[in-house]
Amino acid sequence: MTAPHLPSAHLLEVKDLTVDFLSLGGAFRATNGVSFHVDAGETLVILGESGSGKSVSASAIMGLIDTPPGEICSGTITYRGKKLDDCGVEERRDLNGRKIAMIFQDPLSHLNPVYTIGWQLAEVFSAHGVATGAEARAKAIDILARVGIPEPEKRIDQYPHQFSGGQRQRIMIGMAIALHPEILIADEPTTALDVSVQAQILDLLKKLQAEDGLAIIMITHDLEVAASMADRVIVMNSGRIVEEGHARAVFENPQHSYTKTLINALPHADDTGGTGRRSTTDVGKPILEVKSLNKYYGLSSGFFAKNTQLHAVKDLSFTVAKGETVGIVGESGSGKSTVARVLLRLNDVSSGEALFHGRDIFKMDTRELLGFRRKVQMVFQDPYSSMNPRMTIFDIVSEPWRIHKDILEKSGWRDRVTELLGLVGLRPEHADRYPHQFSGGQRQRIAIARALACDPELIVCDEAVSALDVSVQVQVIDLLAQLRDRLGLAYIFITHDLPIVRHFADRIIVMKNGGIVEHAKTEEIFRNPQHAYTRQLMNATPRPKWEAASAPLPA
């Protein structure tokens with residue numbers, strides 16, 4: 001005789017959850033015996049790197065595991081003591097939204113581009129029989145106002161593409177909390193956002209939690225976000241929970257080696273710039289001098305309207321020396337990536353000079369430009385989209401030699417590819433594989449190997465680590481620093497992440513609205529920032545919840 005099922009004392013409880021995904025190569029175990037709970041008004045953070053099983057756990061709670069290829073092999077999920085796998089389709093649909101809701105990492109891919117925001121918000125109310133027509137529209141306007149969208153009465157009839165990334169995430173949060181659920185699952189809700197927008201979204205979640213008594217399950221690989229939000233933390237690795245406990249205890253006294261590795265990967269407050277491995281006195285004379293750089297984009301506000309201009313880069317001047325790393329920091333729209341594209345002549349310049357070894361890049365003819373591009377290479381944010389998925393790694397890394405035929409005889413290509421892969425920490429046999437067979441960090445290493453193929457002097461890194469897990473970020477940054485010191489490379493390192501740039505750069509340029517607001521050595525920027533915008537970026541970095549509760553933000 002089996003023991004009777006006893007109601008759970010917790011709002012939501014997951015017990016012994018095991019999820020497999022089937023493929024031609026066999027079954028992959030995404031979660032293995034995972035157990036956790038969340039209580040009313042509590043924030044539980046599930047922390048782990050890509051592939052740890054944290055998002056699969058959330059999908060299982062919401063009933064979003066596609067079967068096939070996914071299969072919940074064992075375990076139970078209970079909400080207020082009721083087993084969710086016993087619910088029928090209609091009952092589960094009613095629970096999802098009314099009682100348990102979810103927001104995702106990329107709001108644009110979860111908002112329908114052909115419907116207005118107002119229509120999509122009103123659909124939440126009509127689908128659950130709460131309101132229709134004018135009443136649903138009024139409720140949608142109220143929701144937009146509640147999540148901080150300005151002028152909601154006007155913006156309700158706009159489409160997703162007419163909102164910024166942070167505003168779209170606010171709209172997704174509005175949809176999730178529209179029916180006043182008890183549990184909100186937030187799956188990497190700030191990963192793609194700038195640091196100040198991230199802070200706004202986290203503050204919004206805390207505000208809504210305080211107002212509605214929400215239980216929040218936050219899934220993230222960002223330790224700073226986790227520390228700023230969590231009451232309790234679960235750390236996952238390879239489908240298993242390796243550590244759990246109260247947030248402060250886990251962060252200040254981690255017990256498991258994996259947790260210690262993650263925490264040690266974070267840049268610390270006492271970092272003083274320049275990676276701690278070298279001095280800015282090691283750099284040589286300037287190899288690049290940028291003088292009064294300007295870039296305008298033409299904008300049209302309508303068919304019969306006059307064209308207007310966006311001043312994307314405003315009178316920018318700086319230098320880069322041999323062996324030096326110059327960080328360019330700013331939020332989306334600050335102009336930092338435009339600077340990179342103009343310097344590589346991927347976009348035309350409007351005015352100004354950029355002297356590479358004394359020769360103006362913008363006046364180079366075709367032959368000179370080909371030689372310049374041998375010496376100045378670029379590493380992009382998403383290595384996968386910058387690689388041909390039908391080419392092997394050997395073909396990708398050796399492709400520059402097909403363009404610059406005088407660099408290396410074809411008979412030596414195989415040995416040189418092997419050498420370059422070794423230089424970035426990959427093995428010779430990786431040369432015959434394809435991009436999809438590698439992790440994000442490995443693909444970025446391949447992109448770096450390709451950039452090194454022409455023996456460059458300067459590499460421009462445009463958000464080269466922003467999409468990577470924290471420990472992988474550190475690995476790539478350390479690799480770039482080693483290559484800099486070994487090969488005498490110079491870098492322009494573009495990022496919105498201040499802790500990362502502090503770890504790596506010798507000097508920092510802070511950009512806002514196309515112009516430079518501050519420019520100094522890294523340690524000077526962090527010890528004594530002069531501009532209010534720089535201080536704003538620093539203060540926007542998430543602080544541990546136990547510190548933020550007792551201490552004011554620095555001025």
# chains A, B, ... in the order shown; residues from 1 in each chain; ligands from 1
$ residues_around --residues "range 385-401 of chain A" --least-positions-apart "3" --cutoff "8 Å" --atoms "only C-alpha atoms" --output "tab-separated table (two decimals) with N, CA and C atoms, in the first residue's frame"
chain	number	residue	atom	x	y	z
A	380	PHE	N	34.06	39.96	-33.62
A	380	PHE	CA	32.70	40.41	-33.41
A	380	PHE	C	32.08	39.77	-32.16
A	382	ASP	N	29.19	38.06	-31.89
A	382	ASP	CA	28.63	36.72	-32.10
A	382	ASP	C	29.50	36.00	-33.12
A	404	HIS	N	44.98	37.22	-49.14
A	404	HIS	CA	46.33	37.80	-49.12
A	404	HIS	C	47.31	36.69	-49.51
A	405	LYS	N	47.42	36.45	-50.80
A	405	LYS	CA	48.10	35.26	-51.31
A	405	LYS	C	49.60	35.24	-51.02
A	406	ASP	N	50.17	36.42	-50.70
A	406	ASP	CA	51.62	36.48	-50.51
A	406	ASP	C	52.05	36.17	-49.08
A	407	ILE	N	51.10	35.92	-48.17
A	407	ILE	CA	51.46	35.71	-46.76
A	407	ILE	C	52.10	34.35	-46.56
A	408	LEU	N	51.51	33.31	-47.15
A	408	LEU	CA	51.92	31.95	-46.82
A	408	LEU	C	51.66	31.03	-47.99
A	413	TRP	N	49.81	25.76	-45.05
A	413	TRP	CA	48.57	26.16	-44.40
A	413	TRP	C	48.20	25.25	-43.22
A	414	ARG	N	48.31	23.95	-43.44
A	414	ARG	CA	47.89	23.01	-42.39
A	414	ARG	C	48.70	23.21	-41.12
A	417	VAL	N	47.64	26.58	-39.45
A	417	VAL	CA	46.34	26.48	-38.78
A	417	VAL	C	46.49	25.76	-37.45
A	430	HIS	N	40.56	19.82	-34.12
A	430	HIS	CA	39.43	20.74	-34.25
A	430	HIS	C	39.35	21.36	-35.64
A	431	ALA	N	40.46	21.34	-36.38
A	431	ALA	CA	40.50	21.99	-37.69
A	431	ALA	C	39.49	21.40	-38.67
A	432	ASP	N	39.15	20.12	-38.53
A	432	ASP	CA	38.27	19.47	-39.49
A	432	ASP	C	36.82	19.43	-39.04
A	433	ARG	N	36.47	20.16	-37.98
A	433	ARG	CA	35.09	20.24	-37.52
A	433	ARG	C	34.43	21.52	-38.04
A	434	TYR	N	33.14	21.64	-37.74
A	434	TYR	CA	32.34	22.78	-38.21
A	434	TYR	C	31.94	23.65	-37.01
A	435	PRO	N	31.58	24.94	-37.26
A	435	PRO	CA	31.29	25.85	-36.15
A	435	PRO	C	30.23	25.36	-35.17
A	436	HIS	N	29.19	24.67	-35.65
A	436	HIS	CA	28.11	24.24	-34.75
A	436	HIS	C	28.57	23.19	-33.75
A	446	ILE	N	38.15	30.53	-32.00
A	446	ILE	CA	38.36	30.32	-33.44
A	446	ILE	C	38.38	31.67	-34.16
A	447	ALA	N	37.46	32.57	-33.79
A	447	ALA	CA	37.43	33.90	-34.39
A	447	ALA	C	38.74	34.65	-34.13
A	449	ALA	N	41.67	33.20	-33.60
A	449	ALA	CA	42.69	32.54	-34.43
A	449	ALA	C	42.64	33.07	-35.86
A	450	ARG	N	41.43	33.23	-36.38
A	450	ARG	CA	41.30	33.78	-37.74
A	450	ARG	C	41.84	35.20	-37.81
A	453	ALA	N	45.58	35.32	-38.21
A	453	ALA	CA	46.17	34.65	-39.37
A	453	ALA	C	47.04	35.58	-40.20
A	454	CYS	N	46.71	36.87	-40.21
A	454	CYS	CA	47.47	37.82	-41.03
A	454	CYS	C	48.54	38.57	-40.24
$ select_by_dssp --residues "range 236-393 of chain A" --states "strand (DSSP E or B)" --output "number ranges by chain"
A: 236-237, 240-246, 286-300, 307-321, 325-329, 351-356, 359-360, 376-379
$ residues_around --residues "Leu44 in chain A" --least-positions-apart "4" --cutoff "8 Å" --atoms "only C-alpha atoms" --output "PDB file with N, CA and C atoms, in the first residue's frame"
ATOM      1  N   VAL A  38      10.123  27.127  -3.859  1.00  0.00           N
ATOM      2  CA  VAL A  38      10.062  28.578  -3.672  1.00  0.00           C
ATOM      3  C   VAL A  38       8.811  28.890  -2.865  1.00  0.00           C
ATOM      4  N   ALA A 215       6.334  35.598  -5.787  1.00  0.00           N
ATOM      5  CA  ALA A 215       7.509  34.730  -5.673  1.00  0.00           C
ATOM      6  C   ALA A 215       8.217  34.775  -7.020  1.00  0.00           C
ATOM      7  N   ILE A 216       9.507  35.004  -6.998  1.00  0.00           N
ATOM      8  CA  ILE A 216      10.272  35.097  -8.244  1.00  0.00           C
ATOM      9  C   ILE A 216      11.291  33.973  -8.299  1.00  0.00           C
ATOM     10  N   ILE A 217      11.282  33.253  -9.408  1.00  0.00           N
ATOM     11  CA  ILE A 217      12.362  32.308  -9.727  1.00  0.00           C
ATOM     12  C   ILE A 217      13.162  32.948 -10.843  1.00  0.00           C
ATOM     13  N   MET A 218      14.362  33.411 -10.537  1.00  0.00           N
ATOM     14  CA  MET A 218      15.195  34.069 -11.539  1.00  0.00           C
ATOM     15  C   MET A 218      16.298  33.131 -11.996  1.00  0.00           C
ATOM     16  N   ALA A 230      18.756  37.721  -5.049  1.00  0.00           N
ATOM     17  CA  ALA A 230      18.417  36.445  -4.411  1.00  0.00           C
ATOM     18  C   ALA A 230      18.204  36.534  -2.909  1.00  0.00           C
ATOM     19  N   ASP A 231      17.182  35.815  -2.443  1.00  0.00           N
ATOM     20  CA  ASP A 231      17.094  35.434  -1.035  1.00  0.00           C
ATOM     21  C   ASP A 231      17.816  34.106  -0.834  1.00  0.00           C
ATOM     22  N   ARG A 232      17.538  33.169  -1.751  1.00  0.00           N
ATOM     23  CA  ARG A 232      18.249  31.889  -1.760  1.00  0.00           C
ATOM     24  C   ARG A 232      18.800  31.634  -3.154  1.00  0.00           C
ATOM     25  N   VAL A 233      19.851  30.831  -3.225  1.00  0.00           N
ATOM     26  CA  VAL A 233      20.532  30.533  -4.487  1.00  0.00           C
ATOM     27  C   VAL A 233      20.660  29.029  -4.655  1.00  0.00           C
ATOM     28  N   ILE A 234      20.408  28.571  -5.880  1.00  0.00           N
ATOM     29  CA  ILE A 234      20.727  27.213  -6.305  1.00  0.00           C
ATOM     30  C   ILE A 234      21.793  27.327  -7.384  1.00  0.00           C
TER      31      ILE A 234
END
$ atom_distance --atom1 "CA of Arg527 in chain A" --atom2 "CA of Val501 in chain A"
14.2 Å
$ closest_residue --among "A:Gly97, A:Gly514, A:Gly48, A:Pro150" --to "Thr338 in chain A" --atoms "only C-alpha atoms"
A:Gly514
$ residues_around --residues "Ser471 in chain A" --least-positions-apart "3" --cutoff "9 Å" --atoms "only C-alpha atoms" --output "count of residues only"
11
$ select_by_dssp --residues "range 209-245 of chain A" --states "helix (DSSP H, G or I)" --output "number ranges by chain"
A: 209-212, 223-229
$ write_last_selection --atoms "C-alpha atoms" --output "PDB file, in the first residue's frame"
ATOM      1  CA  GLN A 209       7.380  41.843  -5.972  1.00  0.00           C
ATOM      2  CA  ALA A 210       6.896  44.248  -3.065  1.00  0.00           C
ATOM      3  CA  GLU A 211       3.507  45.394  -4.364  1.00  0.00           C
ATOM      4  CA  ASP A 212       2.058  41.980  -5.245  1.00  0.00           C
ATOM      5  CA  LEU A 223      26.584  36.357 -10.538  1.00  0.00           C
ATOM      6  CA  GLU A 224      26.181  40.079  -9.868  1.00  0.00           C
ATOM      7  CA  VAL A 225      22.519  39.954 -10.912  1.00  0.00           C
ATOM      8  CA  ALA A 226      22.052  36.859  -8.769  1.00  0.00           C
ATOM      9  CA  ALA A 227      23.594  38.500  -5.704  1.00  0.00           C
ATOM     10  CA  SER A 228      21.467  41.632  -6.135  1.00  0.00           C
ATOM     11  CA  MET A 229      18.165  39.714  -6.338  1.00  0.00           C
TER      12      MET A 229
END
$ closest_residue --among "A:Ser59, A:Lys206, A:Arg240, A:Asp66" --to "Gly33 in chain A" --atoms "only C-alpha atoms"
A:Arg240
$ residues_around --residues "Ser74 in chain A" --least-positions-apart "5" --cutoff "9 Å" --atoms "only C-alpha atoms" --output "PDB file with N, CA and C atoms, in the first residue's frame"
ATOM      1  N   LYS A  15      10.576  18.110  -7.293  1.00  0.00           N
ATOM      2  CA  LYS A  15      11.244  16.976  -6.644  1.00  0.00           C
ATOM      3  C   LYS A  15      11.788  16.008  -7.683  1.00  0.00           C
ATOM      4  N   ASP A  16      13.093  15.750  -7.588  1.00  0.00           N
ATOM      5  CA  ASP A  16      13.761  14.707  -8.383  1.00  0.00           C
ATOM      6  C   ASP A  16      13.470  14.822  -9.882  1.00  0.00           C
ATOM      7  N   LEU A  17      13.543  16.027 -10.421  1.00  0.00           N
ATOM      8  CA  LEU A  17      13.234  16.260 -11.832  1.00  0.00           C
ATOM      9  C   LEU A  17      14.383  15.789 -12.725  1.00  0.00           C
ATOM     10  N   THR A  18      14.065  14.862 -13.628  1.00  0.00           N
ATOM     11  CA  THR A  18      15.036  14.372 -14.602  1.00  0.00           C
ATOM     12  C   THR A  18      14.432  14.528 -15.992  1.00  0.00           C
ATOM     13  N   VAL A  19      15.156  15.257 -16.864  1.00  0.00           N
ATOM     14  CA  VAL A  19      14.679  15.525 -18.220  1.00  0.00           C
ATOM     15  C   VAL A  19      15.743  15.083 -19.216  1.00  0.00           C
ATOM     16  N   GLY A  33      17.767  14.613 -11.426  1.00  0.00           N
ATOM     17  CA  GLY A  33      17.345  14.550 -10.031  1.00  0.00           C
ATOM     18  C   GLY A  33      17.317  15.890  -9.333  1.00  0.00           C
TER      19      GLY A  33
END
$ decode --residues "range 188-336 of chain A" --atoms "C-alpha atoms" --output "mmCIF file, in the first residue's frame"
data_model
loop_
_atom_site.group_PDB
_atom_site.id
_atom_site.type_symbol
_atom_site.label_atom_id
_atom_site.label_comp_id
_atom_site.auth_asym_id
_atom_site.auth_seq_id
_atom_site.Cartn_x
_atom_site.Cartn_y
_atom_site.Cartn_z
ATOM 1 C CA GLU A 188 17.833 35.570 -18.172
ATOM 2 C CA PRO A 189 15.669 38.743 -18.282
ATOM 3 C CA THR A 190 18.585 41.207 -18.408
ATOM 4 C CA THR A 191 21.332 39.357 -20.308
ATOM 5 C CA ALA A 192 21.036 41.351 -23.531
ATOM 6 C CA LEU A 193 20.622 44.750 -21.843
ATOM 7 C CA ASP A 194 23.032 47.572 -21.030
ATOM 8 C CA VAL A 195 24.045 47.889 -17.397
ATOM 9 C CA SER A 196 21.823 50.888 -16.605
ATOM 10 C CA VAL A 197 18.792 49.363 -18.380
ATOM 11 C CA GLN A 198 19.518 46.112 -16.539
ATOM 12 C CA ALA A 199 19.394 47.995 -13.238
ATOM 13 C CA GLN A 200 16.034 49.514 -14.205
ATOM 14 C CA ILE A 201 14.539 46.101 -14.996
ATOM 15 C CA LEU A 202 15.826 44.579 -11.744
ATOM 16 C CA ASP A 203 14.406 47.518 -9.788
ATOM 17 C CA LEU A 204 11.066 47.053 -11.568
ATOM 18 C CA LEU A 205 10.960 43.368 -10.602
ATOM 19 C CA LYS A 206 11.703 44.237 -6.970
ATOM 20 C CA LYS A 207 8.968 46.904 -7.012
ATOM 21 C CA LEU A 208 6.363 44.529 -8.459
ATOM 22 C CA GLN A 209 7.380 41.843 -5.972
ATOM 23 C CA ALA A 210 6.896 44.248 -3.065
ATOM 24 C CA GLU A 211 3.507 45.394 -4.364
ATOM 25 C CA ASP A 212 2.058 41.980 -5.245
ATOM 26 C CA GLY A 213 3.929 39.594 -2.963
ATOM 27 C CA LEU A 214 5.300 37.752 -6.002
ATOM 28 C CA ALA A 215 7.509 34.730 -5.673
ATOM 29 C CA ILE A 216 10.272 35.097 -8.244
ATOM 30 C CA ILE A 217 12.362 32.308 -9.727
ATOM 31 C CA MET A 218 15.195 34.069 -11.539
ATOM 32 C CA ILE A 219 17.426 32.126 -13.911
ATOM 33 C CA THR A 220 20.769 33.690 -14.731
ATOM 34 C CA HIS A 221 24.446 33.083 -15.383
ATOM 35 C CA ASP A 222 25.289 36.584 -14.097
ATOM 36 C CA LEU A 223 26.584 36.357 -10.538
ATOM 37 C CA GLU A 224 26.181 40.079 -9.868
ATOM 38 C CA VAL A 225 22.519 39.954 -10.912
ATOM 39 C CA ALA A 226 22.052 36.859 -8.769
ATOM 40 C CA ALA A 227 23.594 38.500 -5.704
ATOM 41 C CA SER A 228 21.467 41.632 -6.135
ATOM 42 C CA MET A 229 18.165 39.714 -6.338
ATOM 43 C CA ALA A 230 18.417 36.445 -4.411
ATOM 44 C CA ASP A 231 17.094 35.434 -1.035
ATOM 45 C CA ARG A 232 18.249 31.889 -1.760
ATOM 46 C CA VAL A 233 20.532 30.533 -4.487
ATOM 47 C CA ILE A 234 20.727 27.213 -6.305
ATOM 48 C CA VAL A 235 23.925 26.591 -8.279
ATOM 49 C CA MET A 236 23.601 24.119 -11.159
ATOM 50 C CA ASN A 237 26.290 22.377 -13.172
ATOM 51 C CA SER A 238 25.837 19.645 -15.793
ATOM 52 C CA GLY A 239 22.191 19.110 -14.918
ATOM 53 C CA ARG A 240 22.677 18.763 -11.165
ATOM 54 C CA ILE A 241 22.389 21.063 -8.168
ATOM 55 C CA VAL A 242 25.877 21.357 -6.695
ATOM 56 C CA GLU A 243 25.161 23.976 -4.030
ATOM 57 C CA GLU A 244 22.202 25.746 -2.461
ATOM 58 C CA GLY A 245 21.586 28.026 0.457
ATOM 59 C CA HIS A 246 20.923 31.583 1.533
ATOM 60 C CA ALA A 247 22.437 34.018 -0.948
ATOM 61 C CA ARG A 248 24.929 35.694 1.362
ATOM 62 C CA ALA A 249 26.218 32.367 2.671
ATOM 63 C CA VAL A 250 26.691 30.976 -0.840
ATOM 64 C CA PHE A 251 28.490 34.075 -2.144
ATOM 65 C CA GLU A 252 30.654 34.772 0.882
ATOM 66 C CA ASN A 253 31.419 31.182 1.842
ATOM 67 C CA PRO A 254 30.911 28.858 -1.157
ATOM 68 C CA GLN A 255 31.361 25.177 -0.421
ATOM 69 C CA HIS A 256 31.524 23.548 -3.849
ATOM 70 C CA SER A 257 34.558 23.921 -6.119
ATOM 71 C CA TYR A 258 32.356 24.898 -9.095
ATOM 72 C CA THR A 259 30.724 27.721 -7.138
ATOM 73 C CA LYS A 260 34.165 28.902 -6.039
ATOM 74 C CA THR A 261 35.316 28.891 -9.676
ATOM 75 C CA LEU A 262 32.361 31.043 -10.739
ATOM 76 C CA ILE A 263 32.831 33.556 -7.926
ATOM 77 C CA ASN A 264 36.592 33.763 -8.447
ATOM 78 C CA ALA A 265 35.956 34.550 -12.124
ATOM 79 C CA LEU A 266 34.315 37.855 -11.184
ATOM 80 C CA PRO A 267 36.474 41.000 -11.410
ATOM 81 C CA HIS A 268 36.989 42.190 -7.838
ATOM 82 C CA ALA A 269 36.632 45.661 -6.400
ATOM 83 C CA ASP A 270 40.376 45.959 -5.746
ATOM 84 C CA ASP A 271 41.342 45.369 -9.389
ATOM 85 C CA THR A 272 43.381 48.341 -10.543
ATOM 86 C CA GLY A 273 43.206 47.958 -14.308
ATOM 87 C CA GLY A 274 45.709 46.719 -16.869
ATOM 88 C CA THR A 275 44.896 43.107 -15.802
ATOM 89 C CA GLY A 276 47.516 43.291 -13.043
ATOM 90 C CA ARG A 277 50.023 41.486 -15.307
ATOM 91 C CA ARG A 278 51.665 44.480 -16.974
ATOM 92 C CA SER A 279 52.155 48.227 -16.815
ATOM 93 C CA THR A 280 51.096 50.869 -19.288
ATOM 94 C CA THR A 281 54.735 51.907 -19.470
ATOM 95 C CA ASP A 282 55.291 48.779 -21.611
ATOM 96 C CA VAL A 283 53.369 50.243 -24.563
ATOM 97 C CA GLY A 284 55.113 51.732 -27.562
ATOM 98 C CA LYS A 285 54.458 54.792 -29.720
ATOM 99 C CA PRO A 286 51.027 55.351 -31.273
ATOM 100 C CA ILE A 287 50.215 53.200 -34.276
ATOM 101 C CA LEU A 288 46.722 54.691 -34.674
ATOM 102 C CA GLU A 289 45.798 58.369 -34.286
ATOM 103 C CA VAL A 290 42.128 59.300 -34.616
ATOM 104 C CA LYS A 291 41.468 63.015 -35.117
ATOM 105 C CA SER A 292 38.081 64.781 -35.041
ATOM 106 C CA LEU A 293 36.147 61.744 -36.297
ATOM 107 C CA ASN A 294 32.509 62.407 -37.256
ATOM 108 C CA LYS A 295 29.815 60.127 -38.625
ATOM 109 C CA TYR A 296 26.323 61.181 -39.713
ATOM 110 C CA TYR A 297 23.458 58.916 -40.756
ATOM 111 C CA GLY A 298 20.582 60.206 -42.835
ATOM 112 C CA LEU A 299 17.123 59.615 -41.361
ATOM 113 C CA SER A 300 13.766 60.068 -43.050
ATOM 114 C CA SER A 301 10.631 60.649 -40.985
ATOM 115 C CA GLY A 302 8.196 60.050 -43.828
ATOM 116 C CA PHE A 303 7.734 59.856 -47.606
ATOM 117 C CA PHE A 304 7.187 63.585 -48.039
ATOM 118 C CA ALA A 305 9.287 64.663 -45.054
ATOM 119 C CA LYS A 306 12.722 66.169 -45.289
ATOM 120 C CA ASN A 307 15.644 63.970 -44.396
ATOM 121 C CA THR A 308 17.251 64.592 -41.018
ATOM 122 C CA GLN A 309 20.669 63.532 -39.790
ATOM 123 C CA LEU A 310 21.757 61.517 -36.793
ATOM 124 C CA HIS A 311 25.156 62.599 -35.484
ATOM 125 C CA ALA A 312 26.311 59.116 -34.435
ATOM 126 C CA VAL A 313 29.971 59.964 -33.714
ATOM 127 C CA LYS A 314 30.901 63.495 -32.628
ATOM 128 C CA ASP A 315 34.398 64.911 -33.044
ATOM 129 C CA LEU A 316 36.183 61.866 -31.615
ATOM 130 C CA SER A 317 39.955 61.958 -31.036
ATOM 131 C CA PHE A 318 42.197 59.324 -29.408
ATOM 132 C CA THR A 319 45.331 57.257 -29.990
ATOM 133 C CA VAL A 320 46.273 53.600 -29.674
ATOM 134 C CA ALA A 321 49.877 52.588 -29.012
ATOM 135 C CA LYS A 322 51.665 49.365 -29.822
ATOM 136 C CA GLY A 323 50.914 46.797 -27.107
ATOM 137 C CA GLU A 324 48.142 48.933 -25.560
ATOM 138 C CA THR A 325 44.493 48.114 -24.831
ATOM 139 C CA VAL A 326 42.073 51.034 -25.151
ATOM 140 C CA GLY A 327 38.595 50.315 -23.835
ATOM 141 C CA ILE A 328 35.590 52.118 -25.328
ATOM 142 C CA VAL A 329 32.628 51.937 -22.944
ATOM 143 C CA GLY A 330 29.065 53.051 -23.487
ATOM 144 C CA GLU A 331 25.474 51.955 -23.733
ATOM 145 C CA SER A 332 23.581 50.996 -26.884
ATOM 146 C CA GLY A 333 23.360 54.016 -29.151
ATOM 147 C CA SER A 334 26.457 55.689 -27.714
ATOM 148 C CA GLY A 335 28.321 55.343 -31.030
ATOM 149 C CA LYS A 336 31.031 52.945 -29.877
#
